[in-house]
Every structure is written in C-alpha cells, then in structure tokens.
Amino acid sequence: MSLKVDRDSMAFTFKGGMLPMTVMELASADPERIREQLAGKLSQSPAFFQHTPVVLNVEKLDEPHLALERICAVCRAHKLLPVAVRGGPDPVKQSAWALGLGWFPPQEASRPRSLESVPPDEPTPAEPVAGEGAEQEAPPVKGSSGRIYRGTVRSGQQVTAPEGDLVVIGAVNAGAEVLAAGSVHVYGALRGRALAGIHGDLQAGIFCRELHAELLSVAGNYKRLEDIDPRLLGTAVQVRLTDNQLGITTLT
C-alpha cells in the first residue's frame with residue numbers, strides 16, 4: 001500500500017541552490033587583531049558590513065582550540081553574521097556546532113581566493129569599446145583622479161577609485177567588488193557588489209548595462225539582490241539617491 005503525500009499540506013521542501021556567500025579567510029586567531037582590521041574595513045566599505053553572512057575559513061590556522069565564540073562576537077559587533085566554519089580539526093568542528101554554526105570540510109582543489117585589490121592603472125581618456133556596444137563611449141571621469149578599468153573584474157577581486165568615478169569596461173563577476181568615491185559605471189553585467197559615494201557623496205550613482213548585483217550602495221544606503229524588483233534584473237539601470245532613498249530605474 002503506497003502513501004500519497006498531499007503537497008498542499010507540506011510545511012517545506014528541500015531545494016539545492018547557489019547563494020552568494022562571502023568567505024572570511026583567517027590568517028590570525030587573535031580576536032583583537034581581527035577586530036582592528038574589521039574596524040579599518042568598516043571605514044572603507046560601510047555598506048558591505050550590513051548583516052552580511054560570512055563563512056569563517058580557518059584552514060590556514062593551526063589552532064585546535066580556536067577562540068571561535070570571541071571571533072564570532074567580534075564579527076557580529078561589526079555587523080557581519082558568521083553562519084558556518086570551513087576547516088579546522090575536530091575541536092573546531094565541535095565548537096562550531098555548539099555555537100549553532102554549520103561546518104564545511106577543508107576545500108583542497110578549489111580554495112576561494114581572498115578579496116584582492118587590483119592595483120590602479122594610469123587614468124586614460126575614455127575610448128569606444130570594440131565589438132558589441134561600440135557605438136557607446138565611456139562617460140567622462142571626474143577630473144584626473146577617476147579610474148577606467150578594462151576587462152572583467154573576477155570573483156575575489158576588488159577594484160577601487162578612491163577619488164572620482166570608476167568606469168569598468170567589462171563585467172563584474174559574482175564575488176567581486178567595485179568601489180568609488182564618485183559614481184560607478186559598468187559597461188557589462190554587474191553580478192558582484194558595487195559601492196558608490198564611499199566617502200559620503202550623495203550625488204554619486206551606479207550605472208550598469210545588466211543588473212544582477214549582490215549588493216548596491218550609494219553613500220552608505222544599500223540594497224541587496226533580494227530587495228531589488230525582479231523586473232529590473234537583467235536590464236540597464238541607474239541607481240541614485242532620492243530623498244535619502246535608494247532608487248533603481250531603467251536606462252532608456
């Protein structure tokens with residue numbers, strides 16, 4: 001006799017999925033050193049520290065009795081939410097479970113890259129892009145302190161324009177981050193994180209040809225992917241502040 005399950009009465013279903021997740025790879029087990037570095041990062045990218053879920057990677061540490069509870073408290077004090085631990089010996093695994101965190105085994109072959117900063121190139125005048133979209137030119141960069149980055153910003157990379165605008169003639173992959181004191185212009189798909197007006201410029205904006213961003217921020221005001229109107233995904237948009245509210249509209 002077979003049992004028939006009424007799907008309307010089911011409380012949940014399990015589904016596989018690929019969610020964007022930030023990995024925090026620890027090179028030190030000292031909570032105070034971690035606190036000091038997080039404070040510096042918070043001043044550079046305040047919108048990134050808005051209850052962002054992170055996986056604590058402890059594979060580089062040789063600490064069987066890691067002060068995991070203190071490290072998690074430091075992260076939460078800076079608005080990061082530890083959700084799991086990767087690597088570490090059995091005592092670390094047991095500590096993670098005791099704290100209500102998940103645990104992942106060490107990742108050997110495909111270790112995630114740390115978020116590395118791409119060194120700035122020399123500012124150059126905007127030129128037409130060859131091939132698709134060649135009729136469009138990169139918008140002018142404010143003064144000589146803006147930056148033009150040609151190519152794809154890969155996962156784990158960070159491209160910054162500490163003064164002026166940032167123009168990316170290419171795509172921004174998931175797990176990558178682009179930041180600018182002024183506006184951010186992406187002449188391709190934006191799948192990573194984009195932060196404009198990082199020093200508080202309320203007139204800054206974000207412009208891209210294809211929106212799939214994990215996080216958008218202008219002068220500390222932010223939206224995550226789940227907050228974005230699904231009808232705007234995959235379209236060309238501009239992101240600006242209006243009455244202290246972050247608005248996203250299509251580019252026509």
# chains A, B, ... in the order shown; residues from 1 in each chain; ligands from 1
call {"tool": "residues_around", "arguments": {"residues": "Val167 of chain A", "least_positions_apart": "4", "cutoff": "7 Å", "atoms": "only C-alpha atoms", "output": "MDAnalysis selection string"}}
result
chainID A and resid 147:149 184:186
call {"tool": "write_last_selection", "arguments": {"atoms": "all heavy atoms", "output": "PDB file, in the first residue's frame"}}
result
ATOM      1  N   ARG A 147      39.089  56.586 -12.511  1.00  0.00           N
ATOM      2  CA  ARG A 147      39.790  55.387 -12.972  1.00  0.00           C
ATOM      3  C   ARG A 147      38.960  54.645 -13.994  1.00  0.00           C
ATOM      4  O   ARG A 147      37.740  54.518 -13.839  1.00  0.00           O
ATOM      5  CB  ARG A 147      40.081  54.472 -11.783  1.00  0.00           C
ATOM      6  CG  ARG A 147      40.829  53.205 -12.175  1.00  0.00           C
ATOM      7  CD  ARG A 147      41.141  52.363 -10.971  1.00  0.00           C
ATOM      8  NE  ARG A 147      41.862  51.164 -11.362  1.00  0.00           N
ATOM      9  CZ  ARG A 147      42.139  50.155 -10.560  1.00  0.00           C
ATOM     10  NH1 ARG A 147      41.755  50.195  -9.303  1.00  0.00           N
ATOM     11  NH2 ARG A 147      42.800  49.103 -10.997  1.00  0.00           N
ATOM     12  N   ILE A 148      39.617  54.159 -15.042  1.00  0.00           N
ATOM     13  CA  ILE A 148      38.986  53.293 -16.027  1.00  0.00           C
ATOM     14  C   ILE A 148      39.633  51.917 -15.926  1.00  0.00           C
ATOM     15  O   ILE A 148      40.856  51.797 -15.977  1.00  0.00           O
ATOM     16  CB  ILE A 148      39.142  53.845 -17.454  1.00  0.00           C
ATOM     17  CG1 ILE A 148      38.393  55.167 -17.592  1.00  0.00           C
ATOM     18  CG2 ILE A 148      38.619  52.844 -18.475  1.00  0.00           C
ATOM     19  CD1 ILE A 148      38.559  55.824 -18.941  1.00  0.00           C
ATOM     20  N   TYR A 149      38.818  50.894 -15.754  1.00  0.00           N
ATOM     21  CA  TYR A 149      39.309  49.521 -15.669  1.00  0.00           C
ATOM     22  C   TYR A 149      38.759  48.759 -16.862  1.00  0.00           C
ATOM     23  O   TYR A 149      37.550  48.665 -17.046  1.00  0.00           O
ATOM     24  CB  TYR A 149      38.854  48.863 -14.372  1.00  0.00           C
ATOM     25  CG  TYR A 149      39.350  47.449 -14.206  1.00  0.00           C
ATOM     26  CD1 TYR A 149      40.586  47.192 -13.631  1.00  0.00           C
ATOM     27  CD2 TYR A 149      38.581  46.372 -14.638  1.00  0.00           C
ATOM     28  CE1 TYR A 149      41.052  45.890 -13.481  1.00  0.00           C
ATOM     29  CE2 TYR A 149      39.034  45.074 -14.494  1.00  0.00           C
ATOM     30  CZ  TYR A 149      40.272  44.840 -13.913  1.00  0.00           C
ATOM     31  OH  TYR A 149      40.715  43.541 -13.784  1.00  0.00           O
ATOM     32  N   VAL A 184      29.879  54.771 -10.064  1.00  0.00           N
ATOM     33  CA  VAL A 184      30.374  53.522 -10.642  1.00  0.00           C
ATOM     34  C   VAL A 184      29.624  53.272 -11.943  1.00  0.00           C
ATOM     35  O   VAL A 184      28.382  53.277 -11.959  1.00  0.00           O
ATOM     36  CB  VAL A 184      30.171  52.331  -9.682  1.00  0.00           C
ATOM     37  CG1 VAL A 184      30.540  51.027 -10.373  1.00  0.00           C
ATOM     38  CG2 VAL A 184      30.998  52.510  -8.411  1.00  0.00           C
ATOM     39  N   HIS A 185      30.357  53.086 -13.036  1.00  0.00           N
ATOM     40  CA  HIS A 185      29.772  52.802 -14.353  1.00  0.00           C
ATOM     41  C   HIS A 185      30.279  51.431 -14.792  1.00  0.00           C
ATOM     42  O   HIS A 185      31.493  51.221 -14.870  1.00  0.00           O
ATOM     43  CB  HIS A 185      30.192  53.846 -15.384  1.00  0.00           C
ATOM     44  CG  HIS A 185      29.931  55.261 -14.955  1.00  0.00           C
ATOM     45  ND1 HIS A 185      28.878  56.002 -15.426  1.00  0.00           N
ATOM     46  CD2 HIS A 185      30.600  56.075 -14.091  1.00  0.00           C
ATOM     47  CE1 HIS A 185      28.905  57.214 -14.880  1.00  0.00           C
ATOM     48  NE2 HIS A 185      29.940  57.278 -14.065  1.00  0.00           N
ATOM     49  N   VAL A 186      29.376  50.506 -15.071  1.00  0.00           N
ATOM     50  CA  VAL A 186      29.761  49.160 -15.500  1.00  0.00           C
ATOM     51  C   VAL A 186      29.194  48.911 -16.887  1.00  0.00           C
ATOM     52  O   VAL A 186      27.967  48.846 -17.058  1.00  0.00           O
ATOM     53  CB  VAL A 186      29.262  48.087 -14.509  1.00  0.00           C
ATOM     54  CG1 VAL A 186      29.669  46.700 -14.987  1.00  0.00           C
ATOM     55  CG2 VAL A 186      29.817  48.352 -13.108  1.00  0.00           C
TER      56      VAL A 186
END
call {"tool": "select_by_dssp", "arguments": {"residues": "segment 179-247 of chain A", "states": "strand (DSSP E)", "output": "count of residues only"}}
result
37
call {"tool": "select_by_dssp", "arguments": {"residues": "segment 25-94 of chain A", "states": "helix (DSSP H, G or I)", "output": "ChimeraX atom specification"}}
result
/A:31-44,46-48,68-77,90-94
call {"tool": "atom_distance", "arguments": {"atom1": "atom CA of Val83 of chain A", "atom2": "atom CA of Thr52 of chain A"}}
result
9.8 Å
call {"tool": "atom_distance", "arguments": {"atom1": "atom CA of Thr152 of chain A", "atom2": "atom CA of Ala176 of chain A"}}
result
9.7 Å
call {"tool": "closest_residue", "arguments": {"among": "A:His65, A:His78, A:Arg154, A:His51", "to": "Lys223 of chain A", "atoms": "only C-alpha atoms"}}
result
A:His51
call {"tool": "atom_distance", "arguments": {"atom1": "atom CA of Leu166 of chain A", "atom2": "atom CA of Arg240 of chain A"}}
result
15.4 Å
call {"tool": "closest_residue", "arguments": {"among": "A:Asp90, A:Glu63, A:Gln44, A:Thr250", "to": "Thr160 of chain A", "atoms": "only C-alpha atoms"}}
result
A:Gln44
call {"tool": "closest_residue", "arguments": {"among": "A:Pro230, A:Gly175, A:Pro105, A:Gly188", "to": "Gly87 of chain A", "atoms": "only C-alpha atoms"}}
result
A:Pro105
call {"tool": "closest_residue", "arguments": {"among": "A:Asp229, A:Asp165, A:Glu69, A:Glu177", "to": "Ile206 of chain A", "atoms": "only C-alpha atoms"}}
result
A:Asp165
call {"tool": "residues_around", "arguments": {"residues": "Gln50 of chain A", "least_positions_apart": "3", "cutoff": "12 Å", "atoms": "only C-alpha atoms", "output": "number ranges by chain"}}
result
A: 42, 45-47, 53-54, 75-81, 215-217, 220-224
call {"tool": "write_last_selection", "arguments": {"atoms": "C-alpha atoms", "output": "PDB file, in the first residue's frame"}}
result
ATOM      1  CA  LEU A  42      34.299  49.247   8.013  1.00  0.00           C
ATOM      2  CA  SER A  45      33.142  49.998   2.847  1.00  0.00           C
ATOM      3  CA  PRO A  46      30.418  50.664   5.428  1.00  0.00           C
ATOM      4  CA  ALA A  47      27.618  49.272   3.253  1.00  0.00           C
ATOM      5  CA  PRO A  53      26.542  36.387   6.117  1.00  0.00           C
ATOM      6  CA  VAL A  54      30.101  35.033   6.132  1.00  0.00           C
ATOM      7  CA  CYS A  75      32.246  39.793  13.637  1.00  0.00           C
ATOM      8  CA  ARG A  76      28.727  40.463  14.909  1.00  0.00           C
ATOM      9  CA  ALA A  77      29.868  43.683  16.577  1.00  0.00           C
ATOM     10  CA  HIS A  78      30.887  44.842  13.076  1.00  0.00           C
ATOM     11  CA  LYS A  79      27.584  43.701  11.520  1.00  0.00           C
ATOM     12  CA  LEU A  80      28.936  40.508   9.966  1.00  0.00           C
ATOM     13  CA  LEU A  81      26.934  37.334  10.565  1.00  0.00           C
ATOM     14  CA  LEU A 215      24.717  44.458  -3.270  1.00  0.00           C
ATOM     15  CA  LEU A 216      24.261  48.079  -4.361  1.00  0.00           C
ATOM     16  CA  SER A 217      25.266  51.013  -2.176  1.00  0.00           C
ATOM     17  CA  GLY A 220      26.016  54.072   2.767  1.00  0.00           C
ATOM     18  CA  ASN A 221      22.438  53.422   1.590  1.00  0.00           C
ATOM     19  CA  TYR A 222      22.184  49.907   0.244  1.00  0.00           C
ATOM     20  CA  LYS A 223      20.011  47.261  -1.376  1.00  0.00           C
ATOM     21  CA  ARG A 224      20.695  43.539  -1.647  1.00  0.00           C
TER      22      ARG A 224
END
call {"tool": "closest_residue", "arguments": {"among": "A:Tyr187, A:Phe49, A:Phe12, A:Trp103", "to": "Glu210 of chain A", "atoms": "only C-alpha atoms"}}
result
A:Tyr187
call {"tool": "closest_residue", "arguments": {"among": "A:Gly192, A:Ala27, A:Leu66, A:Asn244", "to": "Val172 of chain A", "atoms": "only C-alpha atoms"}}
result
A:Gly192
call {"tool": "residues_around", "arguments": {"residues": "segment 56-60 of chain A", "least_positions_apart": "2", "cutoff": "8 Å", "atoms": "only C-alpha atoms", "output": "list in words"}}
result
Val23, Met24, Glu25, Leu26, Ala27, Val54, Asp62, Pro82, Ala84, Val85, Arg86, Gly87, Gly88 and Pro106 of chain A
call {"tool": "write_last_selection", "arguments": {"atoms": "C-alpha atoms", "output": "PDB file, in the first residue's frame"}}
result
ATOM      1  CA  VAL A  23      34.331  33.758   2.824  1.00  0.00           C
ATOM      2  CA  MET A  24      36.444  35.360   5.564  1.00  0.00           C
ATOM      3  CA  GLU A  25      39.796  33.559   5.451  1.00  0.00           C
ATOM      4  CA  LEU A  26      41.507  33.927   8.817  1.00  0.00           C
ATOM      5  CA  ALA A  27      45.287  34.329   8.941  1.00  0.00           C
ATOM      6  CA  VAL A  54      30.101  35.033   6.132  1.00  0.00           C
ATOM      7  CA  ASP A  62      46.944  25.627  13.392  1.00  0.00           C
ATOM      8  CA  PRO A  82      29.003  34.121  10.812  1.00  0.00           C
ATOM      9  CA  ALA A  84      29.472  28.461   9.158  1.00  0.00           C
ATOM     10  CA  VAL A  85      33.113  27.461   9.585  1.00  0.00           C
ATOM     11  CA  ARG A  86      35.311  25.821   6.961  1.00  0.00           C
ATOM     12  CA  GLY A  87      38.177  23.571   8.003  1.00  0.00           C
ATOM     13  CA  GLY A  88      39.889  23.052  11.328  1.00  0.00           C
ATOM     14  CA  PRO A 106      38.579  21.786   4.104  1.00  0.00           C
TER      15      PRO A 106
END
